[in-house]
Structures are given as C-alpha cells and as structure tokens.
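Inspection log for the structure reproduced underneath, given as structure tokens.
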Amino acid sequence: MDASTIQNKFLKTNDDLGLVAVGFSGGQCKAGVDAAPMALIESGLVDQLQNDLAYKVHYDNEVHAYTSLLPSSDPPHRGMKNPRAVSAVTQELSSQVYAHAKEGRFVLTLGGDHSIAIGTISGTAKAIRERLGRDMAVIWVDAHADINTPETSDSGNIHGMPVAFLTGLASENAENAFGWLKPEHRVSVKKLVYIGLRDIDRGEKRILREHGIKAFSMHDIDRHGIGKVMDMALGHIGTDTPIHLSFDIDALDPSFAPSTGTAVRGGLTLREGDFIAECVHETGSLVALDLVEVNPSLEQNGAAETVRAGVSIVRCALGDTLL
C-alpha cells in the first residue's frame, strides 16, 4: 500500500505523524481502558502506519500512565470524581499534543477514556491558532454526547464532561481542576458536530438544543444514510477549517466492538465507522484523531475484535482505501 494521495491543507507535510499513547482510565470507574494503547500497538498498528501507509511516526515508545502526576488525595469537587487527577493528566497531555501539532504534524492519540479529549483537543486547538490563525472544528463520534457540566452529570464521571469543558460551557477557576484551560484551548459550539448519538442524558439534550449544536443521532443515520449525514456534517463545518476527529469506539454497535465500558446497542456498523473516517480524511482538513474507550479487559472474547475495529478506524482516517 502507498501513502494517501489526499493533500492535507493544514499540515506541513502529508507523512509526519505524532503518536501519543495514553494509558489513563481516571475519567470513569471501570479498570482496563488504560490497557488499550498497548493492545492497539501490539496488534501492529505502528508498524502498519509506517510500512503500509508510509508515515514517519514520531513516538516516544511509552504508554503514559502519568502516575507521578496523580494526587495522593482527590476528593470530589462540584460532584466530579478524580477531578485533580484528570485535570493534571489532561494538562500534561495537552502539552504533549501541542508539541507535535505546533510542528505541523498529524497527531494520533490512543486512549484511554474519553476524558483525555480535554487534553488532546485543547492541545491541537492552541497549536492551530498559533500556527495558522484559525479556529478548529471537532467531529465527535460517540454513542454519548459527553457534554454534561459537573452540575448536570448524574455520575460525576468526567469522561461524560469533556465537551462541556472544551467549549467553555463548563469552567473552573481552580488551576488544579481544569482552571488551566484558557481561551486558546477552547473550541466553539458552532464548529462542533456529533455523529452516532443514541444515549443522551436529559441535561445534555437541553444543552444541545439551547446552543443549536449540530448533532446527528442514529435516527438521522437510519433515515438519511451515512453518506448524506457525512455530507451534512462536513457541509456544516466548511472546507476552510481544520478538523479534530474524536472517535469513541462505543459509537460502533457492540456486535462490532463489544469491549468498551458503556456499550449501547443500536450503533454504527464497522463499515459506517470506517466510512466516517474515510470521509473526514478525504476533506484534506483532518489534523488530529483520538481513538478512545477500547477496554480489552471487558468481554474477553470480543477484545481482539474491538482492537481490530479500532485499528480499522485509525487506518481509514489516515488514508487507507479499499481500492
């Protein structure tokens, strides 16, 4: 196979890729999601990126657990569980992603739970502003909206809150509880698109309506087909905006990706997930990808299948084609 023929509009080269592996599970309560990056890498992902897709991969050969950053005491704050740990880890991750993105590289982050997007998206948003003077769009592919504020969340798990913090719908003055997020780290709700939603909290539905956020549920995908949905999603963003794709494996139906912490039936097929990634790649606007919430410790028989699904999504986002 060869490198992608799509010329990226916002990266310095087409073949430089920064990889960050994040073994962090503190944004939710199920152990095992921290093992996902190693499972993805051991499946041959890095070799495939280098040999099949001709990327120059900049990777420090470490799955970061950030244990030195974790506080000895981390009581709930505004109902959030592990707030200081998640804040410290995402702040460090933001710097790591920013270091790659400011060099004009594509940034691939392997998680980890979806709270890590507070770090990844803030890092790319800051770098894109500095390097190109542009705001960045986010396509969030997920069964869940992850836009709870601390006050609307029933669980207190921060993996259900990253979009609220990234858009400024939630904010915090305390430096050690996301107060480090500044305007240069944030993205606009006007440049946010959801795909695959099917399990949305009541408070989140209100937030989506009140702010006019573009969201395509599984109902929309069933009605229009994934091709039309992608046309509408990308049309909303426009052709002159860098895109960060944040892909939660639970967007896929559990029949394709069973090993994830909050599986919800009635999701995307693997082919639909791959198609989303292919379409975003074909825009020439994709600057970063997160793949999160693979949990190899769950559904032991389905772990390998879920890892393969994750690898497939990554490959399609990076230019692997059927023909």
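Identifiers in this document derive from the order of the structure tokens: chains are assigned A, B, ..., residues are numbered from 1 separately in each chain, and ligands are numbered from 1 in order of occurrence.
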
### Task
Extract the full set of strand (DSSP E) residues from stretch 1-198 of chain A according to DSSP on the backbone, and format it as a VMD selection string.
chain A and resid 16 to 22 56 to 58 63 to 64 106 to 110 137 to 141 192 to 197

Could those selected residues go to a file with N, CA and C atoms, as a tab-separated table (two decimals), in the first residue's frame?
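What follows is the written file again-v2.tsv:
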```tsv
chain	number	residue	atom	x	y	z
A	16	ASP	N	4.09	13.15	8.21
A	16	ASP	CA	4.62	13.24	9.57
A	16	ASP	C	3.50	13.04	10.57
A	17	LEU	N	3.67	12.07	11.48
A	17	LEU	CA	2.62	11.74	12.44
A	17	LEU	C	3.21	11.66	13.85
A	18	GLY	N	2.63	12.42	14.76
A	18	GLY	CA	2.99	12.32	16.17
A	18	GLY	C	2.01	11.41	16.88
A	19	LEU	N	2.52	10.42	17.58
A	19	LEU	CA	1.68	9.44	18.28
A	19	LEU	C	1.86	9.61	19.79
A	20	VAL	N	0.73	9.73	20.50
A	20	VAL	CA	0.75	9.79	21.96
A	20	VAL	C	-0.13	8.65	22.47
A	21	ALA	N	0.44	7.79	23.29
A	21	ALA	CA	-0.28	6.65	23.87
A	21	ALA	C	-0.61	6.97	25.32
A	22	VAL	N	-1.89	6.95	25.66
A	22	VAL	CA	-2.36	7.43	26.96
A	22	VAL	C	-3.07	6.30	27.70
A	56	LYS	N	5.96	8.74	8.70
A	56	LYS	CA	7.09	8.88	9.62
A	56	LYS	C	6.49	9.10	11.01
A	57	VAL	N	6.56	8.09	11.85
A	57	VAL	CA	5.89	8.12	13.14
A	57	VAL	C	6.84	8.62	14.22
A	58	HIS	N	6.45	9.72	14.86
A	58	HIS	CA	7.22	10.28	15.98
A	58	HIS	C	6.55	9.80	17.27
A	63	VAL	N	3.77	4.12	26.83
A	63	VAL	CA	2.35	4.33	27.14
A	63	VAL	C	2.31	5.11	28.44
A	64	HIS	N	1.86	6.35	28.36
A	64	HIS	CA	1.94	7.25	29.51
A	64	HIS	C	0.81	6.97	30.49
A	106	PHE	N	0.41	15.62	11.92
A	106	PHE	CA	-0.83	14.99	12.32
A	106	PHE	C	-0.61	14.40	13.72
A	107	VAL	N	-1.62	14.49	14.59
A	107	VAL	CA	-1.48	13.93	15.93
A	107	VAL	C	-2.50	12.82	16.14
A	108	LEU	N	-2.02	11.62	16.43
A	108	LEU	CA	-2.85	10.47	16.76
A	108	LEU	C	-2.69	10.17	18.23
A	109	THR	N	-3.80	10.19	18.96
A	109	THR	CA	-3.77	9.84	20.38
A	109	THR	C	-4.59	8.57	20.60
A	110	LEU	N	-3.97	7.60	21.25
A	110	LEU	CA	-4.64	6.35	21.61
A	110	LEU	C	-4.93	6.37	23.10
A	137	ALA	N	-12.40	22.87	14.14
A	137	ALA	CA	-13.66	22.16	14.31
A	137	ALA	C	-13.41	20.80	14.96
A	138	VAL	N	-14.45	20.28	15.60
A	138	VAL	CA	-14.37	18.96	16.22
A	138	VAL	C	-15.54	18.12	15.73
A	139	ILE	N	-15.23	16.91	15.24
A	139	ILE	CA	-16.25	15.91	14.96
A	139	ILE	C	-16.15	14.85	16.04
A	140	TRP	N	-17.23	14.71	16.80
A	140	TRP	CA	-17.26	13.82	17.97
A	140	TRP	C	-18.15	12.63	17.62
A	141	VAL	N	-17.53	11.47	17.41
A	141	VAL	CA	-18.26	10.27	17.03
A	141	VAL	C	-18.40	9.40	18.27
A	192	LEU	N	-18.75	22.38	16.23
A	192	LEU	CA	-18.83	21.06	16.84
A	192	LEU	C	-19.93	20.26	16.15
A	193	VAL	N	-19.61	19.03	15.75
A	193	VAL	CA	-20.59	18.15	15.13
A	193	VAL	C	-20.53	16.78	15.79
A	194	TYR	N	-21.69	16.27	16.16
A	194	TYR	CA	-21.79	14.92	16.71
A	194	TYR	C	-22.31	13.95	15.65
A	195	ILE	N	-21.80	12.71	15.71
A	195	ILE	CA	-22.31	11.65	14.84
A	195	ILE	C	-22.44	10.37	15.66
A	196	GLY	N	-23.61	9.74	15.59
A	196	GLY	CA	-23.81	8.43	16.20
A	196	GLY	C	-24.49	8.42	17.55
A	197	LEU	N	-25.01	9.57	17.99
A	197	LEU	CA	-25.60	9.67	19.33
A	197	LEU	C	-26.82	8.74	19.46
```

Contact check, stretch 180-279 of chain A to stretch 8-11 of chain A, at most 10 Å, counting only C-alpha atoms, closest pairs as a tab-separated table:
```
residue	atom	partner	partner_atom	distance
A:Thr239	CA	A:Lys9	CA	9.6
A:Asp240	CA	A:Lys9	CA	8.5
A:Thr241	CA	A:Phe10	CA	8.6
A:Pro242	CA	A:Phe10	CA	6.5
A:Ile243	CA	A:Phe10	CA	9.4
```

Please, could you write that set of residues out with N, CA and C atoms as a JSON list (two decimals), in the first residue's frame?
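The file below, result.json, is the result:
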```json
[["chain", "number", "residue", "atom", "x", "y", "z"],
["A", 239, "THR", "N", -15.10, 24.04, 4.24],
["A", 239, "THR", "CA", -13.89, 23.49, 3.65],
["A", 239, "THR", "C", -12.60, 24.19, 4.10],
["A", 240, "ASP", "N", -12.74, 25.23, 4.91],
["A", 240, "ASP", "CA", -11.56, 26.04, 5.27],
["A", 240, "ASP", "C", -11.24, 25.94, 6.76],
["A", 241, "THR", "N", -11.63, 24.83, 7.39],
["A", 241, "THR", "CA", -11.46, 24.69, 8.83],
["A", 241, "THR", "C", -10.76, 23.38, 9.16],
["A", 242, "PRO", "N", -9.65, 23.44, 9.91],
["A", 242, "PRO", "CA", -9.00, 22.20, 10.36],
["A", 242, "PRO", "C", -9.95, 21.40, 11.25],
["A", 243, "ILE", "N", -9.86, 20.07, 11.18],
["A", 243, "ILE", "CA", -10.78, 19.19, 11.90],
["A", 243, "ILE", "C", -10.01, 18.25, 12.82]]
```

### All residues 9 Å or closer to A:Ser246, only C-alpha atoms, same chain fewer than 2 positions away omitted, as a PyMOL selection string
chain A and resi 114+117+121+138-142+244+248+288-292

All heavy atoms of the current selection, written as a CSV table (one decimal), in the first residue's frame:
```csv
chain,number,residue,atom,x,y,z
A,114,HIS,N,-12.6,8.8,27.5
A,114,HIS,CA,-12.8,10.0,26.6
A,114,HIS,C,-12.5,11.3,27.4
A,114,HIS,O,-12.5,12.3,26.8
A,114,HIS,CB,-14.2,10.0,26.1
A,114,HIS,CG,-14.3,10.5,24.6
A,114,HIS,ND1,-15.3,10.2,23.8
A,114,HIS,CD2,-13.4,11.2,23.9
A,114,HIS,CE1,-15.1,10.7,22.6
A,114,HIS,NE2,-13.9,11.4,22.7
A,117,ALA,N,-9.8,13.7,26.0
A,117,ALA,CA,-10.0,14.6,24.9
A,117,ALA,C,-9.9,16.1,25.4
A,117,ALA,O,-9.6,17.0,24.6
A,117,ALA,CB,-11.4,14.4,24.3
A,121,ILE,N,-7.7,17.8,22.4
A,121,ILE,CA,-8.4,18.9,21.6
A,121,ILE,C,-7.8,20.2,22.0
A,121,ILE,O,-7.6,21.1,21.2
A,121,ILE,CB,-9.9,18.8,21.7
A,121,ILE,CG1,-10.4,17.5,21.0
A,121,ILE,CG2,-10.6,20.0,21.1
A,121,ILE,CD1,-11.8,17.2,21.2
A,138,VAL,N,-14.4,20.3,15.6
A,138,VAL,CA,-14.4,19.0,16.2
A,138,VAL,C,-15.5,18.1,15.7
A,138,VAL,O,-16.7,18.6,15.8
A,138,VAL,CB,-14.4,19.1,17.8
A,138,VAL,CG1,-14.5,17.7,18.4
A,138,VAL,CG2,-13.2,19.8,18.3
A,139,ILE,N,-15.2,16.9,15.2
A,139,ILE,CA,-16.3,15.9,15.0
A,139,ILE,C,-16.1,14.8,16.0
A,139,ILE,O,-15.1,14.2,16.2
A,139,ILE,CB,-16.1,15.3,13.6
A,139,ILE,CG1,-16.2,16.4,12.5
A,139,ILE,CG2,-17.1,14.2,13.3
A,139,ILE,CD1,-16.0,15.9,11.1
A,140,TRP,N,-17.2,14.7,16.8
A,140,TRP,CA,-17.3,13.8,18.0
A,140,TRP,C,-18.1,12.6,17.6
A,140,TRP,O,-19.4,12.8,17.5
A,140,TRP,CB,-17.8,14.6,19.2
A,140,TRP,CG,-17.6,14.0,20.5
A,140,TRP,CD1,-18.4,13.1,21.1
A,140,TRP,CD2,-16.6,14.3,21.4
A,140,TRP,NE1,-17.9,12.8,22.4
A,140,TRP,CE2,-16.8,13.5,22.6
A,140,TRP,CE3,-15.5,15.1,21.4
A,140,TRP,CZ2,-16.0,13.5,23.7
A,140,TRP,CZ3,-14.7,15.2,22.5
A,140,TRP,CH2,-14.9,14.4,23.6
A,141,VAL,N,-17.5,11.5,17.4
A,141,VAL,CA,-18.3,10.3,17.0
A,141,VAL,C,-18.4,9.4,18.3
A,141,VAL,O,-17.4,8.9,18.8
A,141,VAL,CB,-17.5,9.5,15.9
A,141,VAL,CG1,-18.4,8.3,15.4
A,141,VAL,CG2,-17.2,10.4,14.7
A,142,ASP,N,-19.6,9.2,18.7
A,142,ASP,CA,-19.8,8.6,20.0
A,142,ASP,C,-21.3,8.2,20.2
A,142,ASP,O,-22.2,8.9,19.6
A,142,ASP,CB,-19.5,9.7,21.1
A,142,ASP,CG,-19.1,9.2,22.5
A,142,ASP,OD1,-19.7,8.2,22.9
A,142,ASP,OD2,-18.2,9.8,23.1
A,244,HIS,N,-10.5,18.2,14.1
A,244,HIS,CA,-10.0,17.2,15.0
A,244,HIS,C,-11.1,16.1,15.1
A,244,HIS,O,-12.3,16.5,15.5
A,244,HIS,CB,-9.7,17.8,16.4
A,244,HIS,CG,-9.1,16.9,17.4
A,244,HIS,ND1,-7.9,17.2,18.0
A,244,HIS,CD2,-9.5,15.7,17.9
A,244,HIS,CE1,-7.6,16.3,18.9
A,244,HIS,NE2,-8.5,15.3,18.8
A,248,ASP,N,-15.0,7.7,19.7
A,248,ASP,CA,-15.2,6.7,20.8
A,248,ASP,C,-15.6,5.4,20.2
A,248,ASP,O,-16.6,5.4,19.5
A,248,ASP,CB,-16.3,7.3,21.8
A,248,ASP,CG,-16.4,6.5,23.0
A,248,ASP,OD1,-16.4,5.2,23.0
A,248,ASP,OD2,-16.7,7.1,24.1
A,288,ALA,N,-6.0,15.8,13.4
A,288,ALA,CA,-5.8,15.0,14.6
A,288,ALA,C,-6.9,14.0,14.8
A,288,ALA,O,-8.0,14.2,14.4
A,288,ALA,CB,-5.7,15.9,15.9
A,289,LEU,N,-6.6,12.9,15.4
A,289,LEU,CA,-7.5,11.8,15.7
A,289,LEU,C,-7.3,11.3,17.1
A,289,LEU,O,-6.1,11.0,17.5
A,289,LEU,CB,-7.3,10.7,14.7
A,289,LEU,CG,-8.1,9.4,14.9
A,289,LEU,CD1,-9.6,9.6,14.8
A,289,LEU,CD2,-7.6,8.3,14.0
A,290,ASP,N,-8.4,11.1,17.8
A,290,ASP,CA,-8.3,10.4,19.1
A,290,ASP,C,-9.1,9.1,18.9
A,290,ASP,O,-10.2,9.1,18.3
A,290,ASP,CB,-9.1,11.1,20.2
A,290,ASP,CG,-8.7,12.5,20.4
A,290,ASP,OD1,-7.5,12.9,20.2
A,290,ASP,OD2,-9.6,13.3,20.8
A,291,LEU,N,-8.6,8.0,19.4
A,291,LEU,CA,-9.3,6.7,19.4
A,291,LEU,C,-9.4,6.3,20.9
A,291,LEU,O,-8.3,6.1,21.5
A,291,LEU,CB,-8.7,5.6,18.6
A,291,LEU,CG,-9.5,4.3,18.7
A,291,LEU,CD1,-10.8,4.4,17.8
A,291,LEU,CD2,-8.6,3.1,18.2
A,292,VAL,N,-10.6,6.3,21.5
A,292,VAL,CA,-10.7,6.1,22.9
A,292,VAL,C,-11.8,5.0,23.3
A,292,VAL,O,-12.6,4.6,22.4
A,292,VAL,CB,-11.1,7.4,23.6
A,292,VAL,CG1,-10.1,8.5,23.3
A,292,VAL,CG2,-12.5,7.8,23.2
```

Please identify all polymer residues within 8 Å of A:Asp320, counting only C-alpha atoms, omitting same-chain residues fewer than 6 positions from it, and present them as a compact mmCIF listing (two decimals) with N, CA, C and O atoms, in the first residue's frame.
```txt
# COMPACT_ATOMS: atom_id res chain seq x y z
N SER A 4 -1.28 8.18 1.42
CA SER A 4 -2.50 8.80 0.91
C SER A 4 -2.18 9.80 -0.19
O SER A 4 -1.17 10.51 -0.14
N LEU A 53 1.20 2.53 5.25
CA LEU A 53 0.71 3.87 4.91
C LEU A 53 1.82 4.91 4.80
O LEU A 53 1.55 6.08 4.56
N GLU A 278 -13.02 7.74 6.62
CA GLU A 278 -12.59 7.97 5.23
C GLU A 278 -13.05 9.33 4.72
O GLU A 278 -12.26 10.06 4.08
```

Within 6 Å of stretch 162-181 of chain A: each stretch 61-96 of chain A residue with its shortest pair, only C-alpha atoms, as JSON lines:
```
{"residue": "A:Pro83", "atom": "CA", "partner": "A:Ala177", "partner_atom": "CA", "distance": 5.7}
{"residue": "A:Arg84", "atom": "CA", "partner": "A:Ala177", "partner_atom": "CA", "distance": 5.3}
{"residue": "A:Ser87", "atom": "CA", "partner": "A:Phe178", "partner_atom": "CA", "distance": 5.2}
```

Any chance you can output those residues with N, CA, C and O atoms as a PDB file, in the first residue's frame?
```pdb
ATOM      1  N   PRO A  83     -11.187  14.753  40.162  1.00  0.00           N
ATOM      2  CA  PRO A  83     -11.015  15.972  39.355  1.00  0.00           C
ATOM      3  C   PRO A  83      -9.568  16.410  39.212  1.00  0.00           C
ATOM      4  O   PRO A  83      -9.154  16.849  38.134  1.00  0.00           O
ATOM      5  N   ARG A  84      -8.771  16.292  40.284  1.00  0.00           N
ATOM      6  CA  ARG A  84      -7.383  16.768  40.222  1.00  0.00           C
ATOM      7  C   ARG A  84      -6.525  15.852  39.366  1.00  0.00           C
ATOM      8  O   ARG A  84      -5.657  16.314  38.633  1.00  0.00           O
ATOM      9  N   SER A  87      -7.524  16.481  35.708  1.00  0.00           N
ATOM     10  CA  SER A  87      -7.024  17.792  35.304  1.00  0.00           C
ATOM     11  C   SER A  87      -5.517  17.762  35.065  1.00  0.00           C
ATOM     12  O   SER A  87      -5.027  18.272  34.049  1.00  0.00           O
TER      13      SER A  87
END
```

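For A:Cys279, the set of protein, DNA and RNA residues having any atom at most 9 Å away, when counting only C-alpha atoms and skipping those fewer than 3 positions along the same chain, is A:Gly227, A:Met230, A:Asp231, A:Leu234, A:Asp274, A:Phe275, A:Ile276, A:Glu282, A:Thr283, A:Cys316, A:Ala317.
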
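Going from atom CA of A:Ser285 over to atom CA of A:Asn148, you cover 27.9 Å.
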
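Picture a line from atom CA of A:Gly112 to atom CA of A:Leu298; it runs 14.0 Å.
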
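Distances here use only C-alpha atoms; by that measure, the residue among A:Leu132, A:His100, A:Arg78, A:Met218 closest to A:Thr152 is A:Arg78.
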
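Here atom CA of A:Thr124 and atom CA of A:Leu286 stand 11.2 Å from one another.
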
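Shortest separation to A:Ile313 among A:Thr120, A:Gln300, A:Asn295, A:Thr269 occurs at residue A:Thr269, atoms counted being only C-alpha atoms.
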
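Of the residues listed (A:Thr306, A:Ser155, A:Thr321, A:Thr260), A:Thr260 shows the shortest atom-to-atom separation from A:Lys30; distances use only C-alpha atoms.
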
### Task
Please identify all polymer residues within 12 Å of A:Asn82, counting only C-alpha atoms, omitting same-chain residues fewer than 2 positions from it, and present them as a VMD selection string.
chain A and resid 24 to 29 70 to 80 84 to 89 115 156 to 159 176 to 178

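Proximity of A:Arg131, A:His219, A:Lys182, A:Lys228 to A:Gly266, computed with only C-alpha atoms, is greatest for A:His219.
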
### DSSP-assigned alpha helix (DSSP H) members of stretch 41-218 of chain A, reported as a PyMOL selection string
chain A and resi 41-42+45-51+83-101+117-132+162-167+202-210+218

#### Entry: Selection near A:Ala54, 10 Å with only C-alpha atoms, sequence-local residues under 5 positions removed, as a PyMOL selection string
chain A and resi 1-4+14-16+47-49

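Counting only C-alpha atoms and comparing A:Gly261, A:Gly319, A:Gly310, A:Pro296, the residue that lies closest to A:His281 is A:Gly319.
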
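Comparing A:Ala143, A:Ala257, A:Arg202, A:Ala127 by their smallest distance to A:Ala303, the closest is A:Ala257 (using only C-alpha atoms).
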